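Student: Contents of entry_14.txt (compact mmCIF, C-alpha atoms and all ligand atoms) are below:
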# COMPACT_ATOMS: atom_id res chain seq x y z
CA MET A 13 41.59 -143.90 48.43
CA GLN A 14 39.43 -144.26 51.55
CA SER A 15 39.23 -147.44 53.59
CA ASN A 16 36.13 -149.63 53.60
CA SER A 17 35.10 -148.43 57.04
CA THR A 18 35.42 -144.69 56.31
CA ALA A 19 33.64 -144.95 52.97
CA LEU A 20 30.84 -147.11 54.44
CA GLU A 21 30.31 -144.52 57.18
CA GLN A 22 29.93 -141.85 54.49
CA TYR A 23 27.54 -144.15 52.63
CA ARG A 24 25.35 -144.37 55.71
CA GLN A 25 25.38 -140.58 56.07
CA ARG A 26 24.45 -139.99 52.45
CA LEU A 27 22.35 -142.84 51.04
CA LEU A 28 18.82 -143.89 51.86
CA GLY A 29 18.85 -146.72 54.36
CA VAL A 30 17.16 -149.34 52.20
CA PHE A 31 20.37 -151.34 51.71
CA SER A 32 23.24 -152.19 54.04
CA PRO A 33 26.33 -152.80 51.92
CA THR A 34 29.26 -154.43 53.68
CA LEU A 35 32.12 -153.61 51.28
CA VAL A 36 33.21 -150.84 48.96
CA LEU A 37 34.33 -152.64 45.83
CA ASP A 38 36.95 -151.04 43.65
CA HIS A 39 37.62 -153.21 40.60
CA GLY A 40 37.20 -156.71 39.25
CA LEU A 41 38.61 -159.12 36.72
CA GLY A 42 36.84 -162.31 35.70
CA ALA A 43 35.28 -163.82 38.83
CA GLN A 44 37.54 -161.86 41.18
CA VAL A 45 36.88 -158.48 42.77
CA TRP A 46 38.95 -156.23 45.01
CA ASP A 47 37.71 -153.85 47.69
CA VAL A 48 39.15 -150.41 48.44
CA ASP A 49 41.41 -151.92 51.12
CA GLY A 50 43.01 -154.04 48.39
CA ARG A 51 41.47 -157.27 49.64
CA GLU A 52 40.60 -159.89 46.99
CA TYR A 53 37.32 -161.84 46.87
CA LEU A 54 35.99 -164.63 44.69
CA ASP A 55 32.65 -163.34 43.42
CA LEU A 56 30.19 -166.23 43.77
CA LEU A 57 27.19 -163.93 43.56
CA GLY A 58 27.91 -162.14 40.28
CA GLY A 59 25.96 -159.02 41.26
CA ILE A 60 23.03 -161.39 42.09
CA ALA A 61 22.97 -163.37 38.83
CA VAL A 62 23.87 -160.33 36.72
CA ASN A 63 27.58 -160.43 35.82
CA ALA A 64 27.30 -163.41 33.47
CA LEU A 65 30.69 -162.65 31.91
CA GLY A 66 32.31 -161.70 35.20
CA HIS A 67 34.06 -158.37 35.57
CA ALA A 68 35.81 -156.39 32.81
CA HIS A 69 35.29 -159.08 30.17
CA PRO A 70 37.05 -157.80 27.00
CA ALA A 71 33.99 -158.38 24.75
CA TRP A 72 31.72 -156.49 27.18
CA VAL A 73 34.19 -153.61 27.65
CA LYS A 74 34.76 -153.33 23.90
CA ALA A 75 31.04 -153.27 23.05
CA LEU A 76 30.45 -150.53 25.61
CA ALA A 77 33.44 -148.43 24.54
CA VAL A 78 32.76 -148.74 20.81
CA GLN A 79 29.07 -147.89 21.20
CA ALA A 80 29.81 -145.00 23.58
CA SER A 81 32.16 -143.52 21.00
CA ARG A 82 29.42 -143.63 18.33
CA LEU A 83 26.01 -142.98 19.89
CA GLY A 84 24.93 -143.11 23.53
CA HIS A 85 21.24 -142.23 23.55
CA VAL A 86 18.62 -141.52 20.90
CA SER A 87 15.19 -141.62 22.69
CA ASN A 88 12.41 -143.83 21.40
CA ARG A 89 11.47 -141.37 18.67
CA TYR A 90 14.41 -142.98 16.87
CA THR A 91 15.96 -146.41 16.95
CA SER A 92 19.44 -147.84 16.48
CA GLU A 93 20.94 -150.96 14.96
CA PRO A 94 21.87 -152.67 18.25
CA GLN A 95 18.25 -152.36 19.47
CA ILE A 96 16.89 -154.06 16.35
CA ALA A 97 19.62 -156.74 16.40
CA LEU A 98 19.08 -157.56 20.09
CA ALA A 99 15.32 -157.83 19.61
CA GLY A 100 15.95 -160.36 16.81
CA LYS A 101 18.32 -162.35 19.00
CA LEU A 102 15.84 -162.43 21.90
CA LEU A 103 12.99 -163.60 19.66
CA GLU A 104 15.33 -166.38 18.47
CA ILE A 105 16.64 -167.57 21.83
CA THR A 106 13.28 -167.42 23.63
CA GLY A 107 11.73 -169.53 20.85
CA ALA A 108 9.07 -166.90 20.15
CA ALA A 109 6.47 -167.70 17.49
CA PRO A 110 6.22 -165.62 14.32
CA GLY A 111 4.48 -162.39 15.29
CA GLY A 112 6.30 -162.19 18.64
CA ARG A 113 7.72 -158.78 19.61
CA VAL A 114 10.08 -157.26 22.21
CA PHE A 115 9.76 -154.27 24.56
CA PHE A 116 12.96 -152.99 26.22
CA SER A 117 13.17 -151.64 29.76
CA ASN A 118 16.01 -150.73 32.13
CA SER A 119 15.46 -153.32 34.85
CA GLY A 120 13.65 -156.49 35.81
CA THR A 121 10.78 -154.89 37.63
CA GLU A 122 10.16 -152.61 34.64
CA ALA A 123 10.11 -155.59 32.30
CA ASN A 124 7.47 -157.04 34.60
CA GLU A 125 5.47 -153.78 34.53
CA ALA A 126 5.29 -154.10 30.75
CA ALA A 127 4.15 -157.72 31.00
CA LEU A 128 1.63 -156.79 33.67
CA LYS A 129 0.12 -154.12 31.45
CA ALA A 130 -0.03 -156.61 28.57
CA ALA A 131 -1.72 -159.16 30.87
CA LEU A 132 -4.27 -156.58 32.00
CA ARG A 133 -5.21 -156.05 28.36
CA HIS A 134 -5.76 -159.76 27.78
CA PRO A 135 -7.76 -161.04 25.98
CA THR A 136 -9.22 -158.10 24.12
CA GLY A 137 -6.29 -155.67 23.87
CA GLY A 138 -8.62 -153.09 25.39
CA THR A 139 -10.17 -152.33 28.75
CA GLY A 140 -12.70 -154.65 30.32
CA GLY A 141 -10.39 -157.67 30.19
CA ARG A 142 -9.63 -160.13 32.97
CA HIS A 143 -8.03 -158.27 35.84
CA ARG A 144 -7.09 -160.96 38.36
CA LEU A 145 -3.51 -162.24 38.30
CA LEU A 146 -2.18 -165.52 39.67
CA ALA A 147 1.28 -165.79 41.22
CA LEU A 148 2.98 -168.34 43.45
CA GLU A 149 3.80 -168.31 47.14
CA GLY A 150 7.51 -167.51 47.55
CA SER A 151 7.54 -165.36 44.40
CA PHE A 152 9.67 -162.27 43.86
CA HIS A 153 8.90 -160.09 40.85
CA GLY A 154 10.30 -156.68 41.78
CA ARG A 155 9.83 -153.55 43.86
CA THR A 156 7.75 -151.21 41.72
CA LEU A 157 4.08 -151.35 42.63
CA GLY A 158 3.19 -153.72 39.78
CA GLY A 159 6.10 -156.08 40.48
CA LEU A 160 5.38 -155.79 44.18
CA SER A 161 1.72 -156.75 43.64
CA LEU A 162 2.99 -160.06 42.27
CA THR A 163 5.56 -160.57 45.04
CA ALA A 164 4.41 -162.93 47.76
CA LYS A 165 6.61 -161.82 50.65
CA ALA A 166 4.30 -159.94 52.99
CA ALA A 167 7.09 -157.82 54.49
CA TYR A 168 7.76 -156.30 51.07
CA ARG A 169 4.17 -156.00 49.84
CA GLU A 170 2.03 -155.18 52.83
CA PRO A 171 3.40 -151.70 53.66
CA PHE A 172 2.15 -150.69 50.21
CA ALA A 173 -0.86 -153.00 50.01
CA GLU A 174 -3.25 -150.16 49.34
CA PHE A 175 -1.61 -149.59 45.99
CA THR A 176 -1.11 -153.20 44.90
CA GLY A 177 -3.47 -155.01 42.57
CA PRO A 178 -5.71 -158.09 42.82
CA VAL A 179 -3.36 -161.04 42.87
CA GLN A 180 -4.06 -164.54 44.18
CA PHE A 181 -1.01 -166.36 45.55
CA LEU A 182 -1.17 -170.10 44.94
CA PRO A 183 0.75 -172.81 46.81
CA HIS A 184 4.07 -173.41 45.05
CA GLY A 185 3.98 -176.32 42.62
CA ASP A 186 0.34 -177.22 43.36
CA LEU A 187 -1.44 -177.98 40.07
CA ASP A 188 -4.84 -178.67 41.69
CA ALA A 189 -4.79 -175.22 43.29
CA LEU A 190 -3.87 -173.78 39.91
CA GLU A 191 -6.77 -175.45 38.17
CA ASP A 192 -9.19 -174.34 40.90
CA ALA A 193 -8.01 -170.75 40.53
CA LEU A 194 -8.27 -170.85 36.74
CA LYS A 195 -11.77 -172.36 36.78
CA GLY A 196 -13.25 -169.00 37.82
CA GLY A 197 -12.47 -167.86 34.28
CA ASP A 198 -11.41 -164.35 35.32
CA ALA A 199 -7.64 -164.84 35.62
CA ALA A 200 -5.67 -162.85 33.04
CA ALA A 201 -2.36 -164.59 33.63
CA LEU A 202 -0.29 -166.91 35.77
CA VAL A 203 3.22 -165.61 36.46
CA VAL A 204 5.93 -168.02 37.59
CA GLU A 205 9.68 -168.25 38.13
CA VAL A 206 11.02 -171.65 37.02
CA ILE A 207 13.42 -171.41 39.96
CA GLN A 208 12.49 -168.99 42.71
CA GLY A 209 15.77 -167.23 43.52
CA GLU A 210 14.81 -164.90 46.33
CA ALA A 211 12.94 -167.68 48.16
CA GLY A 212 16.17 -169.69 48.46
CA VAL A 213 16.62 -171.30 45.01
CA ILE A 214 13.44 -173.39 44.81
CA PRO A 215 12.73 -175.07 41.44
CA LEU A 216 9.19 -175.83 40.31
CA PRO A 217 8.37 -179.55 40.33
CA ALA A 218 9.28 -181.01 36.93
CA ALA A 219 5.65 -181.67 35.92
CA TYR A 220 4.45 -178.15 36.67
CA LEU A 221 5.47 -176.17 33.61
CA ALA A 222 3.88 -178.33 30.92
CA GLU A 223 0.72 -178.76 32.96
CA ALA A 224 0.53 -175.03 33.72
CA ARG A 225 0.85 -174.38 29.98
CA ARG A 226 -1.98 -176.81 29.26
CA LEU A 227 -4.26 -175.47 31.99
CA THR A 228 -3.70 -171.77 31.26
CA ARG A 229 -4.50 -172.43 27.63
CA GLN A 230 -7.59 -174.46 28.52
CA TYR A 231 -8.97 -171.68 30.72
CA GLY A 232 -7.90 -168.79 28.50
CA ALA A 233 -5.21 -167.26 30.74
CA LEU A 234 -1.73 -166.20 29.69
CA LEU A 235 1.38 -168.02 30.91
CA TRP A 236 4.02 -165.46 31.84
CA ILE A 237 7.45 -166.72 32.84
CA ASP A 238 9.74 -164.41 34.80
CA GLU A 239 13.23 -165.41 33.59
CA ILE A 240 14.86 -162.33 35.10
CA GLN A 241 17.14 -164.38 37.36
CA THR A 242 17.21 -167.66 35.44
CA GLY A 243 17.46 -166.47 31.81
CA ILE A 244 20.43 -166.04 29.45
CA GLY A 245 22.06 -169.37 30.09
CA ARG A 246 22.30 -169.44 33.86
CA THR A 247 20.59 -172.81 34.30
CA GLY A 248 22.28 -174.41 31.26
CA THR A 249 19.78 -173.41 28.56
CA TRP A 250 18.98 -169.93 27.26
CA MET A 251 15.76 -169.92 29.26
CA ALA A 252 14.99 -172.13 32.26
CA TYR A 253 11.67 -173.19 30.62
CA GLN A 254 13.75 -174.80 27.86
CA ASN A 255 15.66 -176.92 30.35
CA PRO A 256 14.79 -180.66 30.44
CA ALA A 257 16.06 -180.81 34.04
CA LEU A 258 13.38 -178.26 35.03
CA GLY A 259 10.43 -179.79 33.20
CA GLY A 260 11.15 -178.20 29.82
CA PRO A 261 11.45 -177.72 27.04
CA LEU A 262 8.40 -175.54 26.91
CA ASP A 263 9.20 -174.11 23.55
CA GLY A 264 8.10 -173.43 20.03
CA PRO A 265 4.95 -171.96 18.49
CA GLU A 266 2.58 -174.35 20.28
CA GLY A 267 4.20 -174.97 23.63
CA GLY A 268 5.98 -171.77 24.63
CA PRO A 269 4.91 -169.25 27.25
CA ASP A 270 2.93 -166.14 26.18
CA LEU A 271 5.10 -163.57 27.95
CA VAL A 272 8.74 -163.79 29.05
CA THR A 273 10.55 -161.19 31.12
CA LEU A 274 14.33 -160.76 31.21
CA ALA A 275 16.91 -158.50 32.86
CA LYS A 276 19.91 -159.29 35.13
CA GLY A 277 22.22 -161.51 33.00
CA LEU A 278 20.96 -159.95 29.77
CA GLY A 279 23.27 -156.94 30.07
CA GLY A 280 26.02 -158.72 31.97
CA GLY A 281 26.09 -155.73 34.35
CA PHE A 282 24.72 -152.96 32.14
CA PRO A 283 21.13 -152.07 33.14
CA VAL A 284 18.69 -153.53 30.62
CA GLY A 285 15.46 -155.50 30.74
CA ALA A 286 13.11 -156.92 28.16
CA MET A 287 9.56 -158.18 27.88
CA VAL A 288 9.08 -160.66 25.07
CA ALA A 289 5.51 -161.01 23.83
CA MET A 290 5.95 -164.51 22.48
CA ASN A 291 3.32 -164.60 19.75
CA GLY A 292 1.13 -162.41 17.57
CA PRO A 293 -1.87 -162.21 19.93
CA THR A 294 0.20 -161.18 22.99
CA ALA A 295 2.26 -158.75 20.87
CA ALA A 296 -1.01 -157.03 19.91
CA LEU A 297 -2.13 -156.43 23.52
CA LEU A 298 -0.20 -153.18 23.99
CA ARG A 299 -0.97 -150.49 21.46
CA PRO A 300 0.67 -147.15 20.64
CA GLY A 301 0.76 -145.03 23.79
CA ASP A 302 0.04 -147.93 26.16
CA HIS A 303 3.60 -148.06 27.45
CA GLY A 304 6.98 -146.39 27.10
CA SER A 305 10.38 -145.55 28.58
CA THR A 306 12.88 -142.77 27.90
CA PHE A 307 15.93 -144.96 28.36
CA GLY A 308 14.63 -148.47 27.59
CA GLY A 309 16.37 -150.12 24.65
CA GLY A 310 18.97 -147.38 24.17
CA PRO A 311 22.01 -148.05 22.00
CA LEU A 312 24.47 -148.51 24.89
CA ALA A 313 22.33 -151.04 26.74
CA THR A 314 21.39 -153.02 23.67
CA ALA A 315 24.92 -153.07 22.20
CA VAL A 316 26.34 -154.37 25.47
CA ALA A 317 23.50 -156.88 25.90
CA LEU A 318 24.00 -158.13 22.36
CA ALA A 319 27.72 -158.64 23.05
CA THR A 320 26.88 -160.40 26.32
CA VAL A 321 24.41 -162.81 24.70
CA GLN A 322 26.78 -163.40 21.77
CA THR A 323 29.68 -164.17 24.13
CA VAL A 324 27.56 -166.59 26.17
CA GLU A 325 26.80 -168.36 22.88
CA ASP A 326 30.30 -168.23 21.33
CA GLN A 327 32.07 -169.37 24.48
CA GLU A 328 29.45 -172.09 25.12
CA LEU A 329 28.88 -170.75 28.62
CA MET A 330 25.44 -172.39 28.90
CA ASP A 331 27.02 -175.84 28.54
CA TRP A 332 29.69 -174.81 31.02
CA ALA A 333 27.05 -173.61 33.51
CA ARG A 334 25.32 -177.00 33.26
CA VAL A 335 28.50 -179.09 33.54
CA LEU A 336 30.24 -177.09 36.26
CA GLY A 337 26.99 -176.46 38.14
CA GLY A 338 26.11 -180.18 38.15
CA ARG A 339 29.51 -181.25 39.50
CA TRP A 340 29.72 -178.41 41.98
CA ARG A 341 26.26 -179.03 43.47
CA GLU A 342 27.25 -182.65 44.08
CA GLU A 343 30.54 -181.69 45.71
CA LEU A 344 28.92 -179.03 47.87
CA ALA A 345 26.22 -181.46 49.00
CA ASN A 346 28.98 -183.66 50.47
CA VAL A 347 30.52 -180.93 52.59
CA PRO A 348 30.04 -181.50 56.34
CA GLY A 349 27.38 -179.09 57.61
CA VAL A 350 25.59 -179.00 54.25
CA LYS A 351 22.22 -180.76 54.21
CA ALA A 352 21.52 -180.57 50.47
CA THR A 353 21.93 -178.43 47.40
CA ARG A 354 19.17 -177.10 45.13
CA GLY A 355 18.98 -175.42 41.78
CA GLU A 356 20.27 -175.95 38.28
CA GLY A 357 23.34 -174.81 36.39
CA LEU A 358 25.00 -171.92 38.18
CA LEU A 359 22.02 -170.91 40.29
CA ILE A 360 22.64 -172.88 43.44
CA GLY A 361 21.11 -172.97 46.90
CA VAL A 362 23.34 -174.54 49.56
CA VAL A 363 21.01 -175.73 52.31
CA LEU A 364 22.76 -175.70 55.65
CA GLU A 365 22.33 -178.03 58.59
CA GLY A 366 21.38 -175.94 61.61
CA ALA A 367 23.71 -173.02 60.83
CA LYS A 368 22.18 -169.68 59.98
CA ALA A 369 22.80 -168.72 56.37
CA THR A 370 23.48 -165.06 57.21
CA ALA A 371 26.23 -166.07 59.65
CA VAL A 372 27.73 -168.44 57.07
CA GLY A 373 27.54 -165.69 54.44
CA GLU A 374 29.42 -163.32 56.77
CA ALA A 375 32.06 -165.94 57.52
CA ALA A 376 32.37 -166.64 53.78
CA GLN A 377 32.99 -162.96 53.11
CA ALA A 378 35.60 -162.83 55.86
CA ALA A 379 37.27 -165.80 54.14
CA GLY A 380 37.21 -164.04 50.76
CA PHE A 381 34.01 -165.31 49.09
CA LEU A 382 30.97 -163.22 48.10
CA THR A 383 27.63 -165.05 48.45
CA ALA A 384 24.06 -164.15 49.46
CA ALA A 385 21.68 -165.44 52.11
CA HIS A 386 18.09 -164.36 51.57
CA ASP A 387 16.68 -167.66 52.84
CA PRO A 388 17.56 -168.19 56.53
CA HIS A 389 18.78 -171.74 55.84
CA ALA A 390 20.33 -171.53 52.36
CA LEU A 391 23.25 -169.68 50.82
CA ARG A 392 22.62 -168.52 47.27
CA LEU A 393 25.38 -168.82 44.68
CA ALA A 394 24.91 -167.19 41.27
CA PRO A 395 28.49 -166.67 40.06
CA PRO A 396 29.66 -165.45 36.68
CA LEU A 397 29.22 -168.17 34.06
CA ILE A 398 32.97 -167.91 33.38
CA LEU A 399 33.80 -169.27 36.86
CA THR A 400 36.54 -171.89 36.55
CA GLU A 401 36.44 -175.32 38.12
CA SER A 402 39.40 -174.54 40.35
CA GLN A 403 37.68 -171.37 41.61
CA ALA A 404 34.55 -173.40 42.44
CA GLN A 405 36.70 -175.99 44.21
CA ARG A 406 38.43 -173.29 46.25
CA PHE A 407 35.05 -172.47 47.81
CA THR A 408 34.15 -176.13 48.34
CA ALA A 409 37.46 -176.68 50.13
CA ALA A 410 37.00 -173.59 52.30
CA LEU A 411 33.33 -174.23 53.18
CA PRO A 412 33.77 -176.65 56.14
CA ALA A 413 35.92 -174.10 58.00
CA ILE A 414 33.50 -171.30 57.06
CA ILE A 415 30.53 -173.24 58.46
CA LYS A 416 32.50 -174.04 61.62
CA GLU A 417 33.49 -170.40 62.05
CA ALA A 418 29.83 -169.32 61.69
CA ALA A 419 28.50 -171.87 64.22
C1 LIG B 501 12.71 -163.28 39.44
C2 LIG B 501 12.93 -161.80 39.56
N1 LIG B 501 12.03 -160.96 39.04
C3 LIG B 501 12.19 -159.62 39.13
C4 LIG B 501 13.28 -159.07 39.78
C5 LIG B 501 13.43 -157.57 39.84
O1 LIG B 501 14.48 -157.15 39.04
P1 LIG B 501 15.14 -155.71 39.26
O2 LIG B 501 15.81 -155.74 40.58
O3 LIG B 501 16.10 -155.56 38.11
O4 LIG B 501 14.06 -154.70 39.19
C6 LIG B 501 14.23 -159.91 40.34
C7 LIG B 501 15.38 -159.34 41.08
O5 LIG B 501 15.97 -159.95 41.92
C8 LIG B 501 14.06 -161.32 40.23
O6 LIG B 501 14.94 -162.17 40.77
Turn this file's structure into structure tokens for me.
Tutor:
Amino acid sequence: MQSNSTALEQYRQRLLGVFSPTLVLDHGLGAQVWDVDGREYLDLLGGIAVNALGHAHPAWVKALAVQASRLGHVSNRYTSEPQIALAGKLLEITGAAPGGRVFFSNSGTEANEAALKAALRHPTGGTGGRHRLLALEGSFHGRTLGGLSLTAKAAYREPFAEFTGPVQFLPHGDLDALEDALKGGDAAALVVEVIQGEAGVIPLPAAYLAEARRLTRQYGALLWIDEIQTGIGRTGTWMAYQNPALGGPLDGPEGGPDLVTLAKGLGGGFPVGAMVAMNGPTAALLRPGDHGSTFGGGPLATAVALATVQTVEDQELMDWARVLGGRWREELANVPGVKATRGEGLLIGVVLEGAKATAVGEAAQAAGFLTAAHDPHALRLAPPLILTESQAQRFTAALPAIIKEAA
């Protein structure tokens, strides 16, 4: 086996330079991973909110192996039992109204493409609908040109601005700005993240969701919630919009969103995404031929996703995310050098005093902890939901020295 440094040099010679990985990981177990040099890390990032069950969880491995031994791919000319079962489970856990339907994709940005197409068909299900979209400052909705159109960060969007659509970015959490934008009557949809992950773990103000639901309904726009990072139990409820701590529950036939997009934690590490049209009218927006995917909703992805969702439920990992996350945020907030913590459940932003988050992230990795630092002042933690209390405490105990080392 090659060392980290040799393999990373080969990576740089062979792969497009859009990422800069810092380790070559070899294997994992639970919340621990090992690199090719044999060094152990505590994975507090979980593949960026993906590995809900950690690494090599027996239920996940079994579902993949059993399905692979039966049927790996069938195309969308045919279907398979796991696809139908997972769709049923997603309609249940999102609180979709009767008439709601699911579309499967392979990733988050593709789930958003499906929702975007549905939104562009609103309200008629044909052409000539409302074509302006509303999104929030700080948003991140993916890298394909549709997802990118809805992504606020100029550095990502502007190089491709010519091919992005008409989107108005509204101040985060500002309900007056939302009402002003909706008053024009030409907005097809408002898309929001209940907690913005990429922006540094920024929750919406508690009053926003219910009011946004009321206003979008009043002015005839769809409410589309991007749960790609927050969904499948990460914040302590299946969906973040169901979470009382985040201004929920926004649920049920009357109060739910119109469109919900999922990916990341849904497959626990297997690529899968989903767009849930939450009621009959939104499910009717896309008609035969309007959208498709060769791989989306294949038997492997849906069998593994079903096992992931079932394990989150059976092992009560949502409750654990809420309990552990609540205690851990409090403990982390008391660490010298930490200004505050943000987030809910096991999606946590650790806001640092003075220190640069990238430097703290590097020092954390050197000390054996994987984290992320997309916001210059906040570390992002999105560990597997199976993280134990003693593992969380190991990081809390190590953090003062890590911050000092980074300073
Ligand atoms: C809220 C949100 N939406 C969309 C995406 C895009 O998902 P993917 O990278 O699977 O395309 C992400 C990824 O980080 C995300 O956090």
Student: List as CSV every residue of chain A that is in contact with ligand LIG 501 (chain B), defined as an atom at most 7 Å from one of its atoms (using all atoms listed in the file), together with the nearest atom pair and the distance in Å rounded to one decimal, sorted by chain and then rising number.
Tutor:
residue,atom,partner,partner_atom,distance
A:Ser119,CA,B:LIG501,O3,4.0
A:Gly120,CA,B:LIG501,O1,3.4
A:Thr121,CA,B:LIG501,O4,3.6
A:Glu122,CA,B:LIG501,O4,6.3
A:Phe152,CA,B:LIG501,C2,5.4
A:His153,CA,B:LIG501,N1,3.7
A:Gly154,CA,B:LIG501,C5,3.8
A:Arg155,CA,B:LIG501,O4,6.4
A:Glu205,CA,B:LIG501,C1,6.0
A:Gln208,CA,B:LIG501,C1,6.6
A:Gly209,CA,B:LIG501,O6,5.8
A:Glu210,CA,B:LIG501,O6,6.2
A:Asp238,CA,B:LIG501,C1,5.6
A:Glu239,CA,B:LIG501,C1,6.2
A:Ile240,CA,B:LIG501,C2,4.9
A:Gln241,CA,B:LIG501,O6,4.6
A:Ala275,CA,B:LIG501,O3,6.1
A:Lys276,CA,B:LIG501,O3,6.1
Student: Using only C-alpha atoms, tabulate the residues of stretch 41-64 of chain A lying at most 12 Å from any atom of stretch 360-372 of chain A, each with its closest atom pair and that distance in Å to one decimal, by chain and increasing residue number, as CSV.
Tutor:
residue,atom,partner,partner_atom,distance
A:Leu56,CA,A:Ile360,CA,10.1
A:Leu57,CA,A:Ile360,CA,10.0
A:Ile60,CA,A:Ile360,CA,11.6
A:Ala61,CA,A:Ile360,CA,10.6
Student: Give me, please, the distance in Å between atom CA of A:Leu274 and atom CA of A:Ala286, quoted to one decimal.
Tutor: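 Going from atom CA of A:Leu274 over to atom CA of A:Ala286, I get 5.1 Å.
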Student: Hey, which bits of stretch 191-288 of chain A sit within 6 Å of stretch 319-336 of chain A, and for each residue what's the closest pair of atoms and how far apart in Å (one decimal), counting only C-alpha atoms, rows by chain and increasing number, as a Markdown table?
Tutor:
| residue | atom | partner | partner_atom | distance |
| --- | --- | --- | --- | --- |
| A:Gly245 | CA | A:Met330 | CA | 4.7 |
| A:Gly248 | CA | A:Met330 | CA | 4.4 |
| A:Thr249 | CA | A:Met330 | CA | 5.8 |
| A:Gly280 | CA | A:Thr320 | CA | 6.0 |
Student: For each of A:Val30, A:Leu411, A:Leu318, A:Ala384, take the minimum atom-to-atom distance to A:Pro94, counting all atoms listed in the file, then give the residue where this is smallest.
Tutor: A:Leu318
Student: One number please: atom CA of A:Ala345 to atom CA of A:Arg392, in Å, one decimal.
Tutor: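 Going from atom CA of A:Ala345 over to atom CA of A:Arg392, I get 13.5 Å.
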Student: Which residues are close to A:Leu20, i.e. within 9 Å by only C-alpha atoms, leaving aside same-chain residues fewer than 3 positions away? Reply as a PyMOL selection string.
Tutor: chain A and resi 15-17+23-25+33-36
Student: Nearest to A:Asp49: which of A:Ala376, A:Leu76, A:Ala19, A:Leu146 is it, counting all atoms listed in the file?
Tutor: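 Residue with the minimum atom-to-atom distance to A:Asp49: A:Ala19.
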Student: Edge lengths and centre, in Å to one decimal, as lines of an AutoDock Vina configuration file: that's what I need for the box along x, y and z that holds all listed atoms of stretch 265-279 of chain A plus 8 Å on each side.
Tutor:
center_x = 12.9
center_y = -166.0
center_z = 26.8
size_x = 36.7
size_y = 34.0
size_z = 32.6
Student: What is the distance between atom CA of A:Gly355 and atom CA of A:Leu98, in Å to one decimal?
Tutor: 28.1 Å
Student: A:Pro293, A:Pro261, A:Pro217, A:Gly107: which is nearest A:His184, counting only C-alpha atoms?
Tutor: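 Among the listed residues, the smallest separation from A:His184 belongs to A:Pro217.
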Student: From the list A:Ala252, A:Ala99, A:Leu382, A:Ile214, which residue is nearest A:Trp46 when using all atoms listed in the file?
Tutor: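 Checking each of A:Ala252, A:Ala99, A:Leu382, A:Ile214 against A:Trp46, counting all atoms listed in the file, the winner is A:Leu382.
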Student: When you look at A:Ile96 with a cut-off of 12 Å (counting all atoms listed in the file), what residues show up, excluding the ones that are within fewer than 6 positions of it in the same chain? I need them as a PyMOL selection string.
Tutor: chain A and resi 90+102-103+113-116+309-311+314-315+317-318
Student: Would you output that residue set with C-alpha atoms, as a short mmCIF file (atom, residue, chain, number, x, y, z; two decimals), in the frame of the given file?
Tutor:
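result26.cif was written with the following content:
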data_model
loop_
_atom_site.label_atom_id
_atom_site.label_comp_id
_atom_site.auth_asym_id
_atom_site.auth_seq_id
_atom_site.Cartn_x
_atom_site.Cartn_y
_atom_site.Cartn_z
CA TYR A 90 14.41 -142.98 16.87
CA LEU A 102 15.84 -162.43 21.90
CA LEU A 103 12.99 -163.60 19.66
CA ARG A 113 7.72 -158.78 19.61
CA VAL A 114 10.08 -157.26 22.21
CA PHE A 115 9.76 -154.27 24.56
CA PHE A 116 12.96 -152.99 26.22
CA GLY A 309 16.37 -150.12 24.65
CA GLY A 310 18.97 -147.38 24.17
CA PRO A 311 22.01 -148.05 22.00
CA THR A 314 21.39 -153.02 23.67
CA ALA A 315 24.92 -153.07 22.20
CA ALA A 317 23.50 -156.88 25.90
CA LEU A 318 24.00 -158.13 22.36
#
Student: Using all atoms listed in the file, find the one residue out of A:Gln377, A:Gln180, A:Ser87, A:Thr294 that sits nearest to A:Tyr53.
Tutor: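 The answer is A:Gln377, which sits nearest to A:Tyr53.
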Student: I'd like to know which of A:Ser305, A:Gln22, A:Ser161, A:Thr156 is closest to A:Arg144, using all atoms listed in the file.
Tutor: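 Answer, going by the shortest atom-to-atom distance: A:Ser161.
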Student: As a ChimeraX atom specification, please: the residues near stretch 199-203 of chain A (cut-off 10 Å, all atoms listed in the file, same-chain neighbours under 3 positions excluded).
Tutor: /A:124,127-128,130-135,141-148,151,153,162,179-182,190,193-196,206,224-225,228,231-238,270-272
Student: Every residue with an atom at most 8 Å from (35.3, -162.1, 40.2) (file coordinates; all atoms listed in the file) is what I'm after, so could you write them as an mmCIF file with C-alpha atoms, keeping the file's coordinate frame?
Tutor:
data_model
loop_
_atom_site.group_PDB
_atom_site.id
_atom_site.type_symbol
_atom_site.label_atom_id
_atom_site.label_comp_id
_atom_site.auth_asym_id
_atom_site.auth_seq_id
_atom_site.Cartn_x
_atom_site.Cartn_y
_atom_site.Cartn_z
ATOM 1 C CA GLY A 40 37.200 -156.710 39.250
ATOM 2 C CA LEU A 41 38.610 -159.120 36.720
ATOM 3 C CA GLY A 42 36.840 -162.310 35.700
ATOM 4 C CA ALA A 43 35.280 -163.820 38.830
ATOM 5 C CA GLN A 44 37.540 -161.860 41.180
ATOM 6 C CA VAL A 45 36.880 -158.480 42.770
ATOM 7 C CA TYR A 53 37.320 -161.840 46.870
ATOM 8 C CA LEU A 54 35.990 -164.630 44.690
ATOM 9 C CA ASP A 55 32.650 -163.340 43.420
ATOM 10 C CA LEU A 56 30.190 -166.230 43.770
ATOM 11 C CA GLY A 58 27.910 -162.140 40.280
ATOM 12 C CA GLY A 66 32.310 -161.700 35.200
ATOM 13 C CA HIS A 67 34.060 -158.370 35.570
ATOM 14 C CA PRO A 396 29.660 -165.450 36.680
#
